[in-house]
Structure formats: C-alpha cells, structure tokens
>>> print(open('model.cif').read())   # mmCIF, C-alpha atoms
data_input
#
loop_
_atom_site.label_atom_id
_atom_site.label_comp_id
_atom_site.auth_asym_id
_atom_site.auth_seq_id
_atom_site.Cartn_x
_atom_site.Cartn_y
_atom_site.Cartn_z
CA HIS A 1 52.14 -45.59 -9.38
CA GLY A 2 50.09 -47.40 -11.99
CA GLY A 3 47.28 -47.84 -9.49
CA GLY A 4 47.39 -44.13 -8.76
CA GLY A 5 47.04 -43.40 -12.44
CA GLY A 6 44.02 -45.63 -12.59
CA GLY A 7 42.53 -43.85 -9.61
CA GLY A 8 43.01 -40.52 -11.39
CA GLY A 9 41.09 -41.83 -14.42
CA ALA A 10 37.82 -42.41 -12.55
CA PRO A 11 37.06 -38.75 -11.79
CA ALA A 12 37.67 -37.90 -15.46
CA ALA A 13 35.00 -40.39 -16.53
CA GLY A 14 32.60 -39.00 -13.94
CA GLY A 15 33.31 -35.48 -15.18
CA GLY A 16 32.37 -36.52 -18.72
CA ALA A 17 29.04 -37.83 -17.46
CA ASP A 18 28.42 -34.55 -15.68
CA VAL A 19 29.15 -32.59 -18.84
CA ALA A 20 26.77 -34.78 -20.83
CA SER A 21 24.11 -34.39 -18.15
CA ARG A 22 24.47 -30.61 -18.14
CA ALA A 23 24.28 -30.52 -21.92
CA SER A 24 21.13 -32.65 -21.84
CA SER A 25 19.59 -30.39 -19.20
CA LYS A 26 20.36 -27.29 -21.25
CA LYS A 27 18.80 -28.90 -24.31
CA ALA A 28 15.64 -29.81 -22.36
CA PHE A 29 15.49 -26.33 -20.85
CA GLY A 30 15.80 -24.75 -24.29
CA HIS A 31 13.07 -27.02 -25.65
CA ASN A 32 10.71 -26.20 -22.79
CA LEU A 33 11.48 -22.49 -23.12
CA ALA A 34 10.66 -22.55 -26.83
CA LYS A 35 7.52 -24.56 -26.15
CA ASN A 36 6.33 -22.16 -23.45
CA PHE A 37 7.14 -19.17 -25.65
CA GLY A 38 5.09 -20.73 -28.44
CA ARG A 39 2.12 -21.14 -26.10
CA THR A 40 2.48 -17.59 -24.81
CA LYS A 41 2.65 -16.27 -28.37
CA GLN A 42 -0.46 -18.26 -29.32
CA LYS A 43 -2.38 -16.90 -26.31
CA LEU A 44 -1.24 -13.38 -27.14
CA MET A 45 -2.38 -13.76 -30.74
CA GLN A 46 -5.76 -15.02 -29.51
CA ALA A 47 -6.05 -12.03 -27.19
CA VAL A 48 -5.12 -9.62 -29.99
CA SER A 49 -7.57 -11.34 -32.31
CA ALA A 50 -10.34 -11.09 -29.70
CA SER A 51 -9.63 -7.42 -29.07
CA ASN A 52 -9.75 -6.69 -32.82
CA LYS A 53 -12.96 -8.60 -33.41
CA THR A 54 -15.77 -6.58 -34.95
CA VAL A 55 -18.84 -6.71 -32.71
CA ASP A 56 -22.32 -5.39 -33.48
CA ASP A 57 -24.23 -5.38 -30.18
CA GLU A 58 -27.61 -4.95 -31.86
CA PHE A 59 -26.96 -7.93 -34.12
CA GLU A 60 -25.77 -10.10 -31.22
CA GLU A 61 -28.96 -9.27 -29.30
CA GLN A 62 -31.06 -10.21 -32.31
CA ARG A 63 -29.04 -13.39 -32.82
CA ALA A 64 -29.67 -14.51 -29.24
CA ALA A 65 -33.42 -13.88 -29.60
CA PHE A 66 -33.44 -15.70 -32.94
CA VAL A 67 -31.66 -18.77 -31.56
CA ALA A 68 -34.11 -18.90 -28.63
CA ALA A 69 -37.11 -18.59 -31.00
CA GLN A 70 -35.73 -21.29 -33.28
CA LYS A 71 -35.32 -23.65 -30.33
CA ARG A 72 -38.81 -22.86 -29.03
CA VAL A 73 -40.44 -23.44 -32.42
CA LYS A 74 -38.83 -26.87 -32.70
CA GLU A 75 -39.97 -27.72 -29.17
CA VAL A 76 -43.56 -26.70 -29.95
CA ARG A 77 -43.49 -28.67 -33.18
CA GLY A 78 -42.32 -31.75 -31.30
CA SER A 79 -45.01 -31.23 -28.66
CA LEU A 80 -47.75 -30.98 -31.30
CA ALA A 81 -46.60 -34.18 -32.93
CA LYS A 82 -46.43 -35.95 -29.55
CA HIS A 83 -49.97 -34.91 -28.56
CA GLY A 84 -51.32 -35.91 -31.96
CA ASN A 85 -49.80 -39.36 -31.63
CA ALA A 86 -51.19 -39.69 -28.09
CA LEU A 87 -54.70 -38.82 -29.34
CA LEU A 88 -54.45 -41.43 -32.08
CA ALA A 89 -53.45 -44.02 -29.50
CA SER A 90 -56.37 -43.06 -27.23
CA GLN A 91 -58.80 -43.29 -30.13
CA ALA A 92 -57.51 -46.77 -31.02
CA THR A 93 -57.94 -47.86 -27.39
CA LEU A 94 -61.50 -46.50 -27.28
CA LYS A 95 -62.37 -48.29 -30.50
CA SER A 96 -61.00 -51.54 -29.09
CA VAL A 97 -63.03 -51.14 -25.87
CA ALA A 98 -66.22 -50.24 -27.75
CA THR A 99 -65.87 -53.22 -30.06
CA ALA A 100 -65.17 -55.64 -27.22
CA SER A 101 -68.04 -54.42 -25.02
CA GLU A 102 -70.61 -54.68 -27.84
CA SER A 103 -72.39 -51.78 -26.14
CA ARG A 104 -74.37 -49.43 -28.36
CA ALA A 105 -73.59 -46.56 -26.01
CA ALA A 106 -69.87 -47.26 -26.19
CA VAL A 107 -70.01 -47.55 -29.97
CA ALA A 108 -71.91 -44.26 -30.15
CA VAL A 109 -69.31 -42.54 -27.97
CA TYR A 110 -66.56 -43.89 -30.17
CA GLY A 111 -68.39 -42.58 -33.23
CA ASP A 112 -68.59 -39.09 -31.72
CA VAL A 113 -64.91 -39.19 -30.80
CA ALA A 114 -63.96 -40.37 -34.28
CA THR A 115 -65.97 -37.57 -35.88
CA ALA A 116 -64.35 -34.98 -33.63
CA HIS A 117 -60.95 -36.45 -34.37
CA VAL A 118 -61.39 -35.97 -38.10
CA ALA A 119 -61.77 -32.23 -37.58
CA PHE A 120 -58.91 -32.13 -35.07
CA ASP A 121 -56.65 -34.18 -37.33
CA ALA A 122 -57.11 -31.73 -40.20
CA GLN A 123 -56.29 -28.76 -37.97
CA HIS A 124 -53.40 -30.64 -36.38
CA LYS A 125 -51.84 -31.50 -39.73
CA ALA A 126 -52.25 -27.92 -40.88
CA ALA A 127 -50.52 -26.66 -37.73
CA ILE A 128 -47.67 -29.14 -38.18
CA GLY A 129 -47.33 -28.02 -41.81
CA ASP A 130 -47.17 -24.37 -40.77
CA MET A 131 -44.54 -25.17 -38.17
CA ASP A 132 -42.43 -27.07 -40.71
CA THR A 133 -42.66 -24.16 -43.15
CA PHE A 134 -41.54 -21.74 -40.46
CA ILE A 135 -38.70 -24.01 -39.34
CA THR A 136 -37.47 -24.13 -42.95
CA LYS A 137 -37.58 -20.32 -43.05
CA LEU A 138 -35.59 -20.12 -39.81
CA GLU A 139 -33.00 -22.52 -41.21
CA ARG A 140 -32.54 -20.28 -44.26
CA ILE A 141 -32.05 -17.29 -41.96
CA ALA A 142 -29.55 -19.31 -39.91
CA GLY A 143 -27.63 -19.93 -43.13
CA ALA A 144 -27.54 -16.18 -43.81
CA VAL A 145 -26.28 -15.58 -40.27
CA ALA A 146 -23.47 -18.10 -40.83
CA GLN A 147 -22.50 -16.35 -44.08
CA ARG A 148 -22.49 -13.00 -42.25
CA ASP A 149 -20.16 -14.49 -39.61
CA ARG A 150 -17.75 -15.63 -42.35
CA ARG A 151 -17.72 -12.13 -43.80
CA VAL A 152 -16.94 -10.46 -40.48
CA ALA A 153 -14.13 -12.98 -39.91
CA GLU A 154 -12.65 -12.12 -43.33
CA TYR A 155 -12.91 -8.40 -42.54
CA ASP A 156 -11.22 -8.78 -39.15
CA LYS A 157 -8.45 -10.87 -40.69
CA ALA A 158 -7.84 -8.24 -43.39
CA ARG A 159 -7.67 -5.48 -40.75
CA TYR A 160 -5.24 -7.49 -38.67
CA GLU A 161 -2.96 -8.18 -41.64
CA LEU A 162 -2.92 -4.49 -42.54
CA GLU A 163 -2.17 -3.38 -38.98
CA LYS A 164 0.64 -5.93 -38.74
CA ALA A 165 2.17 -4.75 -42.03
CA GLU A 166 1.90 -1.08 -41.10
CA GLY A 167 3.87 -1.81 -37.94
CA LYS A 168 6.90 -2.86 -39.99
CA ASP A 169 9.43 -0.66 -41.79
CA ASP A 170 10.32 -3.02 -44.64
CA VAL A 171 6.89 -3.59 -46.23
CA ALA A 172 6.65 -2.49 -49.86
CA GLY A 173 4.16 0.17 -50.83
CA ASP A 174 2.32 -2.06 -53.30
CA VAL A 175 1.81 -4.64 -50.54
CA LEU A 176 0.27 -2.04 -48.24
CA GLN A 177 -1.93 -0.85 -51.10
CA ARG A 178 -3.18 -4.39 -51.68
CA LEU A 179 -3.86 -4.93 -47.98
CA ARG A 180 -5.79 -1.66 -47.74
CA ALA A 181 -7.85 -2.70 -50.74
CA ASP A 182 -8.58 -6.04 -49.01
CA VAL A 183 -9.80 -4.16 -45.94
CA GLU A 184 -12.14 -1.99 -48.01
CA ARG A 185 -13.45 -4.97 -49.99
CA THR A 186 -14.11 -7.16 -46.97
CA ARG A 187 -15.63 -4.26 -45.03
CA ALA A 188 -18.09 -3.54 -47.83
CA ALA A 189 -19.06 -7.22 -47.97
CA TYR A 190 -19.50 -7.33 -44.18
CA ASP A 191 -21.56 -4.12 -44.04
CA GLU A 192 -23.88 -5.40 -46.76
CA GLY A 193 -24.31 -8.85 -45.22
CA ASN A 194 -24.73 -7.48 -41.71
CA ALA A 195 -27.45 -5.05 -42.78
CA LYS A 196 -29.36 -7.73 -44.71
CA VAL A 197 -29.32 -10.20 -41.83
CA LYS A 198 -30.43 -7.60 -39.29
CA ALA A 199 -33.29 -6.64 -41.60
CA VAL A 200 -34.73 -10.17 -41.45
CA LEU A 201 -33.77 -11.24 -37.92
CA ARG A 202 -35.95 -8.88 -35.91
CA PRO A 203 -39.18 -9.45 -37.93
CA ALA A 204 -38.60 -13.21 -37.87
CA VAL A 205 -38.41 -13.16 -34.09
CA SER A 206 -41.08 -10.56 -33.30
CA GLN A 207 -43.73 -11.83 -35.75
CA HIS A 208 -43.41 -15.42 -34.59
CA ARG A 209 -42.63 -14.97 -30.90
CA LEU A 210 -43.96 -17.89 -28.87
CA ASP A 211 -44.74 -16.95 -25.28
#
>>> encode(input="model.cif", output="structure tokens")
Amino acid sequence: HGGGGGGGGAPAAGGGADVASRASSKKAFGHNLAKNFGRTKQKLMQAVSASNKTVDDEFEEQRAAFVAAQKRVKEVRGSLAKHGNALLASQATLKSVATASESRAAVAVYGDVATAHVAFDAQHKAAIGDMDTFITKLERIAGAVAQRDRRVAEYDKARYELEKAEGKDDVAGDVLQRLRADVERTRAAYDEGNAKVKAVLRPAVSQHRLD
C-alpha cells in the first residue's frame, strides 16, 4: 500500500508544475498584451497628432524652394572656391615652367597671365564675399523658420490639450478657461511668426534664384 501511496504522489507534483507553468504563461500573456496595447496607443496618439497638425501649404512650398536655394548657393560657393584654387595652381605651374625654360616668350606669357589673374582674383574674392554674405542671410532666415516651427508645435499642442479636456466630464471650468487662453495665445504667436517668415521667404528665393 505504501508504494501505491508513493505512486499517487507523483501526479500531484506534476500537477503543481502545470499550475506554475500556466500561471507563468498568463503572466507573460498579460505582459505582452500590455506592451502591445502601449504600442497601439502610441501609434494612435501619433496619428491623432498628425491629423491635428497645422499645415500652411503656401509656407511649405516656400520652405521647399528656400531649402533648395540654400543648398544651391552653398554648392556654387564651393565651386567658385574650387575653381579659384585651381587657377592659382595653374599659375604656379606656369611660373615654374617659365622660370625653368629661361625663355623670354614663356616669361612674357606668364607676365600676361599674372596680370590677368590680378583682375580675376579681385572679382573672384568679391564674388566669394557676396556669396558668404548671402549664405549668412539664408542662415538667419533658417533660424526664423525653426522658430516658426516651434510656435506651430506649441499651438498644436495647446489645441490638442483643449480638445482632450473638452472630451471629459470632470474637468473644472477654470482649467478649460486656462486651456482656451493657451490656445488663443499660441495661435496669435504662430500667426505672427508664420506671416513674418512668409514675408521674407519668397523674396529671398526669387531675388537670388540660381538657374
């Protein structure tokens, strides 16, 4: 009989392992469910945020043209500097050849080239200076664009917070009043910044378009 009792004990131990396994599986399932819900909630919030984003199509068109112009100006500036350096190298080579050949004709040619280079160098430096001035101006405008983007983000956030609060039944009246005031304040700041940036973007692109 004792052996039979021992045999009856084995299934009980196995049953305890099964219970522990099921409990562990439930815990893992619950963790994964919460994790997936968190991801879904985050994606939903991103979608809501994207749908509530304030977009000015005219500004975005001007921004794209501005970014392209800024890139082109920097490319042209780099090209000017590269060609200037190449001309200096060619002049140094010509001088070396003229000196080594001891030919009056070669020396005379070098003299003509050197004289022409003086005039070119002055114009080249002036062009580089103009390009640097314009690049600095574009960078200031880019800073204004970044500030405008911060203002629209603040406005969109204020609108979202107000809409979320208005969808609840237990939000105090003074809280709603404060949120509405935030929306008006951030909207005024955005409208002002947006108008100022648009006023300088188009002229900056059209007056200095590089085709």
>>> atom_distance(input="model.cif", atom1="atom CA of Leu179 of chain A", atom2="atom CA of Ala165 of chain A")
8.5 Å
>>> closest_residue(input="model.cif", among="A:Asp169, A:Asp156, A:Asp121, A:Asp56", to="Ala189 of chain A", atoms="only C-alpha atoms")
A:Asp156
>>> atom_distance(input="model.cif", atom1="atom CA of Tyr190 of chain A", atom2="atom CA of Gln62 of chain A")
16.8 Å
>>> resolve_selection(input="model.cif", expression="the PyMOL selection byres ((chain A and resi 67-71) around 12)", output="PyMOL selection string")
chain A and resi 60-66+72-78+131-132+134-142+145+201-211
>>> atom_distance(input="model.cif", atom1="atom CA of Gly167 of chain A", atom2="atom CA of Asp191 of chain A")
26.3 Å
>>> resolve_selection(input="model.cif", expression="the PyMOL selection byres ((chain A and resi 163) around 12)", output="ChimeraX atom specification")
/A:48-49,52,156-162,164-168,171,176,179-180,183
